[in-house]
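The file structure-v3.cif contains mmCIF, C-alpha atoms:
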```cif
data_upload
loop_
_atom_site.group_PDB
_atom_site.id
_atom_site.type_symbol
_atom_site.label_atom_id
_atom_site.label_comp_id
_atom_site.auth_asym_id
_atom_site.auth_seq_id
_atom_site.Cartn_x
_atom_site.Cartn_y
_atom_site.Cartn_z
ATOM 1 C CA MET A 10 -60.931 76.349 208.868
ATOM 2 C CA GLY A 11 -58.768 76.095 211.994
ATOM 3 C CA THR A 12 -57.596 79.026 214.113
ATOM 4 C CA ASN A 13 -54.034 78.953 212.766
ATOM 5 C CA GLU A 14 -55.251 78.861 209.180
ATOM 6 C CA ALA A 15 -57.615 81.777 209.866
ATOM 7 C CA VAL A 16 -54.770 83.793 211.402
ATOM 8 C CA GLU A 17 -52.559 83.153 208.361
ATOM 9 C CA LYS A 18 -55.331 84.129 205.944
ATOM 10 C CA LEU A 19 -56.176 87.301 207.867
ATOM 11 C CA GLU A 20 -52.525 88.295 208.051
ATOM 12 C CA ALA A 21 -52.127 87.766 204.297
ATOM 13 C CA MET A 22 -55.179 89.959 203.608
ATOM 14 C CA ARG A 23 -53.945 92.607 206.026
ATOM 15 C CA LYS A 24 -50.565 92.830 204.300
ATOM 16 C CA LYS A 25 -52.257 93.007 200.909
ATOM 17 C CA MET A 26 -54.463 95.888 202.054
ATOM 18 C CA ASN A 27 -51.447 97.760 203.398
ATOM 19 C CA LYS A 28 -49.628 97.348 200.084
ATOM 20 C CA MET A 29 -52.689 98.583 198.215
ATOM 21 C CA GLY A 30 -52.870 101.566 200.552
ATOM 22 C CA CYS A 31 -49.299 102.445 199.597
ATOM 23 C CA SER A 32 -50.187 101.990 195.916
ATOM 24 C CA ILE A 33 -53.117 104.392 196.248
ATOM 25 C CA LEU A 34 -50.844 107.008 197.827
ATOM 26 C CA LEU A 35 -48.207 106.621 195.103
ATOM 27 C CA LEU A 36 -50.846 106.830 192.366
ATOM 28 C CA PHE A 37 -52.266 109.979 193.934
ATOM 29 C CA ILE A 38 -48.797 111.524 194.116
ATOM 30 C CA ALA A 39 -48.259 110.574 190.475
ATOM 31 C CA PHE A 40 -51.610 112.117 189.549
ATOM 32 C CA LEU A 41 -50.714 115.599 190.835
ATOM 33 C CA PRO A 42 -47.939 116.436 188.324
ATOM 34 C CA VAL A 43 -49.817 114.730 185.485
ATOM 35 C CA ALA A 44 -52.931 116.741 186.272
ATOM 36 C CA GLY A 45 -50.822 119.910 186.491
ATOM 37 C CA ILE A 46 -49.318 119.339 183.054
ATOM 38 C CA GLY A 47 -52.764 118.526 181.683
ATOM 39 C CA SER A 48 -54.160 121.797 182.993
ATOM 40 C CA LEU A 49 -51.265 123.800 181.510
ATOM 41 C CA LEU A 50 -51.599 122.059 178.196
ATOM 42 C CA ALA A 51 -55.345 121.917 177.994
ATOM 43 C CA GLY A 52 -55.176 121.020 174.338
ATOM 44 C CA ASN A 53 -52.616 118.255 174.898
ATOM 45 C CA ILE A 54 -54.528 114.991 174.595
ATOM 46 C CA GLY A 55 -51.619 113.098 176.174
ATOM 47 C CA GLY A 56 -51.880 115.042 179.426
ATOM 48 C CA ILE A 57 -55.641 114.489 179.580
ATOM 49 C CA ILE A 58 -55.333 110.768 178.883
ATOM 50 C CA GLY A 59 -52.597 110.450 181.501
ATOM 51 C CA SER A 60 -54.734 112.151 184.147
ATOM 52 C CA VAL A 61 -57.734 109.965 183.369
ATOM 53 C CA ALA A 62 -55.588 106.801 183.414
ATOM 54 C CA VAL A 63 -54.169 107.578 186.863
ATOM 55 C CA LEU A 64 -57.633 108.387 188.228
ATOM 56 C CA VAL A 65 -59.038 105.136 186.850
ATOM 57 C CA ALA A 66 -56.147 103.234 188.430
ATOM 58 C CA ILE A 67 -56.847 104.868 191.810
ATOM 59 C CA VAL A 68 -60.542 103.906 191.605
ATOM 60 C CA VAL A 69 -59.697 100.300 190.660
ATOM 61 C CA VAL A 70 -57.200 99.903 193.511
ATOM 62 C CA CYS A 71 -59.577 101.505 196.045
ATOM 63 C CA THR A 72 -62.411 99.211 194.938
ATOM 64 C CA ARG A 73 -60.220 96.138 195.224
ATOM 65 C CA ASN A 74 -58.944 97.226 198.619
ATOM 66 C CA GLY A 75 -62.523 97.721 199.797
ATOM 67 C CA LYS A 76 -63.459 94.175 198.760
ATOM 68 C CA ILE A 77 -60.487 92.680 200.590
ATOM 69 C CA ASN A 78 -61.394 94.728 203.667
ATOM 70 C CA GLU A 79 -64.935 93.281 203.584
ATOM 71 C CA GLU A 80 -63.517 89.753 203.295
ATOM 72 C CA TYR A 81 -61.172 90.462 206.204
ATOM 73 C CA LYS A 82 -64.025 91.769 208.362
ATOM 74 C CA LYS A 83 -66.257 88.791 207.515
ATOM 75 C CA LEU A 84 -63.599 86.209 208.387
ATOM 76 C CA TYR A 85 -62.593 88.051 211.568
ATOM 77 C CA LYS A 86 -66.175 88.307 212.798
ATOM 78 C CA GLU A 87 -67.146 84.744 211.897
ATOM 79 C CA LYS A 88 -63.972 83.003 213.030
ATOM 80 C CA PHE A 89 -62.857 84.984 216.057
ATOM 81 C CA VAL A 90 -65.725 87.090 217.362
ATOM 82 C CA TYR A 91 -68.551 84.564 217.026
ATOM 83 C CA SER A 92 -66.555 81.692 218.545
ATOM 84 C CA ILE A 93 -65.555 83.785 221.575
ATOM 85 C CA LEU A 94 -69.107 85.073 222.056
ATOM 86 C CA GLU A 95 -70.359 81.475 222.074
ATOM 87 C CA GLU A 96 -67.767 80.609 224.723
ATOM 88 C CA GLN A 97 -68.880 83.454 226.991
ATOM 89 C CA PHE A 98 -72.641 83.626 226.486
ATOM 90 C CA ASP A 99 -75.674 81.359 226.059
ATOM 91 C CA ASN A 100 -78.246 81.428 223.231
ATOM 92 C CA VAL A 101 -76.038 83.602 221.014
ATOM 93 C CA ILE A 102 -77.477 85.346 217.955
ATOM 94 C CA TYR A 103 -74.821 87.503 216.284
ATOM 95 C CA LYS A 104 -75.363 89.446 213.037
ATOM 96 C CA TYR A 105 -72.465 91.801 212.437
ATOM 97 C CA LYS A 106 -74.062 93.529 209.447
ATOM 98 C CA GLU A 107 -77.300 94.280 211.307
ATOM 99 C CA GLY A 108 -78.096 96.331 214.378
ATOM 100 C CA LEU A 109 -80.827 97.472 216.737
ATOM 101 C CA SER A 110 -83.556 99.371 214.904
ATOM 102 C CA LYS A 111 -84.009 103.100 215.326
ATOM 103 C CA GLU A 112 -87.410 102.421 216.882
ATOM 104 C CA ALA A 113 -85.860 100.070 219.434
ATOM 105 C CA VAL A 114 -83.129 102.555 220.429
ATOM 106 C CA SER A 115 -85.669 105.358 220.734
ATOM 107 C CA GLN A 116 -87.272 103.285 223.524
ATOM 108 C CA PHE A 117 -84.011 103.464 225.477
ATOM 109 C CA GLY A 118 -84.889 107.066 226.364
ATOM 110 C CA LEU A 119 -81.202 108.021 226.446
ATOM 111 C CA VAL A 120 -80.472 110.191 223.428
ATOM 112 C CA ARG A 121 -82.249 112.393 220.907
ATOM 113 C CA MET A 122 -82.718 110.438 217.688
ATOM 114 C CA GLY A 123 -81.662 112.998 215.075
ATOM 115 C CA ASN A 124 -82.334 112.363 211.379
ATOM 116 C CA ARG A 125 -79.466 109.988 210.535
ATOM 117 C CA TYR A 126 -79.222 106.531 212.042
ATOM 118 C CA SER A 127 -77.039 103.478 211.450
ATOM 119 C CA ALA A 128 -76.294 100.334 213.456
ATOM 120 C CA GLU A 129 -74.301 97.115 213.199
ATOM 121 C CA ASP A 130 -72.892 94.260 215.305
ATOM 122 C CA TYR A 131 -76.255 93.046 216.612
ATOM 123 C CA LEU A 132 -75.849 90.608 219.496
ATOM 124 C CA LYS A 133 -78.601 88.885 221.427
ATOM 125 C CA ALA A 134 -77.626 86.409 224.139
ATOM 126 C CA SER A 135 -77.830 85.651 227.854
ATOM 127 C CA TYR A 136 -75.310 85.481 230.660
ATOM 128 C CA LYS A 137 -75.988 83.956 234.086
ATOM 129 C CA GLY A 138 -79.676 83.831 233.212
ATOM 130 C CA ILE A 139 -79.963 87.519 232.259
ATOM 131 C CA GLY A 140 -80.798 88.259 228.627
ATOM 132 C CA PHE A 141 -79.563 91.254 226.679
ATOM 133 C CA GLU A 142 -79.414 92.833 223.226
ATOM 134 C CA GLN A 143 -76.762 95.224 221.976
ATOM 135 C CA SER A 144 -75.298 96.833 218.865
ATOM 136 C CA GLU A 145 -73.034 99.604 217.675
ATOM 137 C CA VAL A 146 -75.121 102.706 216.976
ATOM 138 C CA THR A 147 -74.438 106.063 215.323
ATOM 139 C CA ILE A 148 -76.993 108.864 215.596
ATOM 140 C CA GLU A 149 -76.487 112.181 213.811
ATOM 141 C CA ASP A 150 -78.496 115.244 212.924
ATOM 142 C CA LYS A 151 -78.010 117.357 209.819
ATOM 143 C CA GLY A 152 -79.798 120.618 209.161
ATOM 144 C CA GLN A 153 -81.344 121.278 205.740
ATOM 145 C CA ASN A 154 -78.895 124.075 204.905
ATOM 146 C CA ASP A 155 -75.879 122.682 206.732
ATOM 147 C CA ASP A 156 -73.144 120.568 205.130
ATOM 148 C CA THR A 157 -72.006 119.190 208.494
ATOM 149 C CA ALA A 158 -73.824 116.757 210.767
ATOM 150 C CA THR A 159 -73.891 116.917 214.568
ATOM 151 C CA THR A 160 -73.119 113.577 216.186
ATOM 152 C CA TYR A 161 -75.666 112.883 218.907
ATOM 153 C CA PHE A 162 -74.262 109.465 219.778
ATOM 154 C CA ARG A 163 -71.631 107.002 218.607
ATOM 155 C CA GLY A 164 -71.016 103.836 220.558
ATOM 156 C CA ARG A 165 -72.785 100.850 222.086
ATOM 157 C CA MET A 166 -76.425 100.617 223.055
ATOM 158 C CA ILE A 167 -77.277 97.678 225.331
ATOM 159 C CA ALA A 168 -80.651 96.569 226.726
ATOM 160 C CA PHE A 169 -80.642 94.165 229.681
ATOM 161 C CA ASP A 170 -83.575 92.152 231.017
ATOM 162 C CA ILE A 171 -83.744 92.635 234.782
ATOM 163 C CA SER A 172 -85.752 90.701 237.324
ATOM 164 C CA ILE A 173 -85.878 93.269 240.092
ATOM 165 C CA LYS A 174 -88.918 95.420 240.818
ATOM 166 C CA SER A 175 -90.314 97.235 237.771
ATOM 167 C CA VAL A 176 -89.683 100.983 237.915
ATOM 168 C CA LYS A 177 -91.156 103.929 236.013
ATOM 169 C CA SER A 178 -87.788 105.408 235.002
ATOM 170 C CA VAL A 179 -84.458 106.183 236.658
ATOM 171 C CA GLN A 180 -81.836 107.850 234.466
ATOM 172 C CA VAL A 181 -78.151 108.381 235.206
ATOM 173 C CA PHE A 182 -75.919 110.460 232.932
ATOM 174 C CA THR A 183 -72.284 111.434 233.153
ATOM 175 C CA ASP A 184 -72.032 115.214 233.064
ATOM 176 C CA THR A 185 -70.432 114.928 229.586
ATOM 177 C CA PHE A 186 -73.287 112.931 228.036
ATOM 178 C CA THR A 187 -74.956 115.424 225.672
ATOM 179 C CA HIS A 188 -78.102 115.394 223.486
ATOM 180 C CA ARG A 189 -79.959 113.460 226.149
ATOM 181 C CA GLY A 190 -83.272 111.827 225.447
ATOM 182 C CA LYS A 191 -86.367 111.524 227.613
ATOM 183 C CA PRO A 192 -88.287 108.347 228.445
ATOM 184 C CA ASN A 193 -91.793 108.149 226.990
ATOM 185 C CA ILE A 194 -93.547 107.329 230.250
ATOM 186 C CA GLY A 195 -96.035 110.138 230.857
ATOM 187 C CA TYR A 196 -94.256 111.259 234.054
ATOM 188 C CA ASP A 197 -92.088 114.281 234.766
ATOM 189 C CA MET A 198 -88.475 113.388 235.546
ATOM 190 C CA LYS A 199 -87.109 114.966 238.733
ATOM 191 C CA HIS A 200 -83.483 115.601 239.635
ATOM 192 C CA VAL A 201 -82.360 113.400 242.523
ATOM 193 C CA GLU A 202 -79.420 113.923 244.887
ATOM 194 C CA MET A 203 -77.839 110.669 246.012
ATOM 195 C CA GLU A 204 -76.172 110.182 249.402
ATOM 196 C CA SER A 205 -72.719 110.101 247.797
ATOM 197 C CA THR A 206 -71.424 113.646 247.255
ATOM 198 C CA ASP A 207 -68.724 112.348 244.947
ATOM 199 C CA PHE A 208 -71.299 110.538 242.799
ATOM 200 C CA ASN A 209 -73.443 113.678 242.559
ATOM 201 C CA LYS A 210 -70.452 115.638 241.246
ATOM 202 C CA LYS A 211 -69.898 113.159 238.409
ATOM 203 C CA PHE A 212 -73.446 112.155 237.481
ATOM 204 C CA ASP A 213 -76.909 113.582 236.954
ATOM 205 C CA VAL A 214 -79.674 111.369 238.344
ATOM 206 C CA LEU A 215 -83.282 111.848 237.241
ATOM 207 C CA ALA A 216 -86.288 109.778 238.255
ATOM 208 C CA ALA A 217 -90.036 109.734 237.810
ATOM 209 C CA ASP A 218 -90.167 108.688 241.482
ATOM 210 C CA PRO A 219 -87.130 109.631 243.608
ATOM 211 C CA VAL A 220 -87.708 106.626 245.878
ATOM 212 C CA GLU A 221 -87.025 104.355 242.906
ATOM 213 C CA ALA A 222 -83.621 105.969 242.384
ATOM 214 C CA TYR A 223 -82.527 104.865 245.863
ATOM 215 C CA TYR A 224 -83.980 101.421 245.165
ATOM 216 C CA VAL A 225 -82.056 100.645 241.954
ATOM 217 C CA LEU A 226 -78.882 102.680 242.467
ATOM 218 C CA THR A 227 -77.212 100.421 244.994
ATOM 219 C CA PRO A 228 -73.639 101.166 246.118
ATOM 220 C CA GLN A 229 -72.419 98.270 243.942
ATOM 221 C CA PHE A 230 -74.192 99.574 240.869
ATOM 222 C CA MET A 231 -72.991 103.143 241.397
ATOM 223 C CA GLU A 232 -69.463 101.782 241.684
ATOM 224 C CA ARG A 233 -69.892 100.007 238.328
ATOM 225 C CA VAL A 234 -71.265 103.164 236.697
ATOM 226 C CA ASP A 235 -68.285 105.085 238.046
ATOM 227 C CA PHE A 236 -65.989 102.469 236.495
ATOM 228 C CA LEU A 237 -67.715 102.902 233.112
ATOM 229 C CA LYS A 238 -67.237 106.667 233.353
ATOM 230 C CA GLU A 239 -63.528 106.284 234.029
ATOM 231 C CA LYS A 240 -63.176 103.952 231.059
ATOM 232 C CA PHE A 241 -65.516 105.521 228.478
ATOM 233 C CA LYS A 242 -66.148 109.098 229.779
ATOM 234 C CA HIS A 243 -69.653 109.449 228.275
ATOM 235 C CA VAL A 244 -72.258 107.071 229.745
ATOM 236 C CA GLY A 245 -76.044 107.113 230.041
ATOM 237 C CA ILE A 246 -78.307 104.542 231.703
ATOM 238 C CA ASN A 247 -82.039 104.202 232.165
ATOM 239 C CA PHE A 248 -83.859 101.744 234.417
ATOM 240 C CA GLN A 249 -87.342 101.532 232.947
ATOM 241 C CA GLY A 250 -89.966 98.850 233.467
ATOM 242 C CA ASN A 251 -88.113 95.527 233.563
ATOM 243 C CA LYS A 252 -85.222 96.790 231.423
ATOM 244 C CA LEU A 253 -81.905 98.440 231.997
ATOM 245 C CA TYR A 254 -80.809 100.507 228.989
ATOM 246 C CA VAL A 255 -77.170 101.529 228.691
ATOM 247 C CA GLY A 256 -75.526 103.867 226.167
ATOM 248 C CA ILE A 257 -71.719 104.101 226.070
ATOM 249 C CA TRP A 258 -69.741 106.381 223.759
ATOM 250 C CA THR A 259 -66.742 104.518 222.369
ATOM 251 C CA ALA A 260 -63.737 105.711 220.370
ATOM 252 C CA GLY A 261 -63.772 102.610 218.138
ATOM 253 C CA ASP A 262 -66.195 99.870 217.170
ATOM 254 C CA ALA A 263 -66.574 96.830 219.407
ATOM 255 C CA PHE A 264 -65.612 93.405 218.061
ATOM 256 C CA ASP A 265 -63.591 94.887 215.168
ATOM 257 C CA GLY A 266 -60.095 93.809 214.183
ATOM 258 C CA ASP A 267 -57.307 96.339 213.748
ATOM 259 C CA VAL A 268 -55.872 95.983 210.228
ATOM 260 C CA SER A 269 -52.919 98.187 211.164
ATOM 261 C CA ARG A 270 -51.364 95.554 213.417
ATOM 262 C CA GLU A 271 -50.156 91.990 212.934
ATOM 263 C CA VAL A 272 -52.829 89.361 213.575
ATOM 264 C CA ASN A 273 -52.189 87.366 216.755
ATOM 265 C CA PHE A 274 -54.959 85.157 218.130
ATOM 266 C CA LEU A 275 -54.175 85.751 221.799
ATOM 267 C CA ASP A 276 -54.076 89.516 221.270
ATOM 268 C CA GLU A 277 -57.333 89.433 219.303
ATOM 269 C CA LYS A 278 -59.015 87.338 221.981
ATOM 270 C CA ALA A 279 -57.899 89.781 224.676
ATOM 271 C CA THR A 280 -59.335 92.694 222.676
ATOM 272 C CA ILE A 281 -62.665 90.927 222.103
ATOM 273 C CA MET A 282 -62.846 89.873 225.763
ATOM 274 C CA ALA A 283 -62.430 93.519 226.810
ATOM 275 C CA ASP A 284 -65.574 94.311 224.762
ATOM 276 C CA VAL A 285 -67.343 91.302 226.282
ATOM 277 C CA ARG A 286 -66.558 92.413 229.835
ATOM 278 C CA VAL A 287 -68.475 95.662 229.348
ATOM 279 C CA ILE A 288 -71.558 93.432 229.232
ATOM 280 C CA THR A 289 -70.614 90.788 231.808
ATOM 281 C CA ASP A 290 -69.489 93.313 234.435
ATOM 282 C CA ILE A 291 -72.874 95.034 234.345
ATOM 283 C CA ILE A 292 -74.722 91.696 234.512
ATOM 284 C CA ASP A 293 -72.607 90.590 237.480
ATOM 285 C CA VAL A 294 -73.773 93.690 239.364
ATOM 286 C CA LEU A 295 -77.390 93.097 238.276
ATOM 287 C CA GLY A 296 -77.094 89.571 239.661
ATOM 288 C CA MET A 297 -75.946 90.959 243.013
ATOM 289 C CA MET A 298 -78.833 93.422 242.978
ATOM 290 C CA ARG A 299 -81.311 90.612 242.314
ATOM 291 C CA LYS A 300 -80.010 88.612 245.274
ATOM 292 C CA GLU A 301 -80.206 91.683 247.520
ATOM 293 C CA LYS A 302 -83.878 92.241 246.621
ATOM 294 C CA GLU A 303 -84.921 88.584 247.117
#
```

How does this structure look as structure tokens?
Amino acid sequence: MGTNEAVEKLEAMRKKMNKMGCSILLLFIAFLPVAGIGSLLAGNIGGIIGSVAVLVAIVVVCTRNGKINEEYKKLYKEKFVYSILEEQFDNVIYKYKEGLSKEAVSQFGLVRMGNRYSAEDYLKASYKGIGFEQSEVTIEDKGQNDDTATTYFRGRMIAFDISIKSVKSVQVFTDTFTHRGKPNIGYDMKHVEMESTDFNKKFDVLAADPVEAYYVLTPQFMERVDFLKEKFKHVGINFQGNKLYVGIWTAGDAFDGDVSREVNFLDEKATIMADVRVITDIIDVLGMMRKEKE
């Protein structure tokens, strides 16, 4: 299937979903007076049958709409997202229905793990010789006697392979990053003041060895972290061993199409590339760091 054909098919599915959404709303509106009459005339079999019929119709339309949405997502991911990822990265493994495991994310040492976990959009690849893994992650916690769940994290978790000196742990959090986790390293984390007063106002830096904080937090990397804060507001990072772990809260899911707008390939590519650059920008800075340490 060519790009133009994929665009046409996606657009047709999008319009169909929108029409079904309108149908669901109209059916629900129709259900209200029918249900009201049925409740007033409890013994009126016609009112009861009418209410049941409208409810069944709503369920059928919702189910059908859900199936079309899954088909839309599958085609969008396989045709647009995967092809663009292969253009930008090497050794691409992309599984949009899967994600990083809870055990893997717990090793990031960035956020408390709660008792509800889900993940999708697993991507493993390399860029300029630096490997990485990432996925969308949602972490929540619900108390036994509480109907609501507290969201500990919702966004992207990314693990980068780094080839600079191995460190025990250096964490950097924006002041708005809550429900922070602790690295399992057997060392106490100490608060570190960096030379930049402006950076200290925006970020909390903790390290098992303060000297390591000055080693990995180069001016270029701090500038990139500041950029992430301006863009995403809530950011946590952890240099640990030979890994850099990054957690970024996001308002929406990465690599997802927007069914509310008309499908245009150039627009979709621009949106996907914006998600890609979150990864490549960090790797570009890691590459500079590697050259500085050589």

Spatial neighbours of Asp276 (chain A), max dist 12 Å, only C-alpha atoms, sep filter under 4 positions, as a ChimeraX atom specification: /A:16,89,266-267,270-272,280-283

Of the listed residues A:Asp130, A:Glu277, A:Glu202, A:Asp197, that which approaches Ile167 (chain A) most closely, counting all atoms listed in the file: A:Asp130

A:Tyr91, A:Tyr105, A:Phe117, A:Phe182 ranked by distance to Tyr254 (chain A), top pick (using all atoms listed in the file): A:Phe117

12 Å contact set for Asn209 (chain A), all atoms listed in the file, chain neighbours under 4 positions out, as a PyMOL selection string: chain A and resi 181-184+200-205+213-215+231+235

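All residues of protein, DNA or RNA that reach within 9 Å of region 140-145 of chain A, judged by all atoms listed in the file and not counting those fewer than 6 positions away in the chain, are Asp99, Tyr105, Glu107, Gly108, Leu109, Ser127, Ala128, Glu129, Asp130, Tyr131, Leu132, Lys133, Ala134, Arg163, Gly164, Arg165, Met166, Ile167, Ala168, Phe169, Asp170, Ile171, Asp262, Ala263 and Ile288 of chain A.
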
The PyMOL selection byres ((chain A and resi 125) around 6) applied to the shown file, residues as a list of chain:residue names: A:Gly123, A:Asn124, A:Tyr126, A:Ile148, A:Glu149, A:Asp150

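Take the candidates A:Lys18, A:Lys191, A:Lys104, A:Lys137 and check each one against Glu80 (chain A) using only C-alpha atoms; the shortest distance goes to A:Lys18.
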
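Distance check against Phe274 (chain A) using all atoms listed in the file: of A:Lys88, A:Leu226, A:Tyr161, A:Gln116, the minimum falls on A:Lys88.
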
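Distance-wise, CA of Glu87 (chain A) and CA of Lys278 (chain A) end up 13.2 Å apart.
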
Selection result for the PyMOL selection byres ((chain A and resi 225) around 9) on this file, as number ranges by chain: A: 173-174, 176, 179, 221-224, 226-227, 230, 248, 298

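Minimum distance to Lys211 (chain A) across A:Thr185, A:Val285, A:Glu95, A:Pro228 (counting all atoms listed in the file) occurs at A:Thr185.
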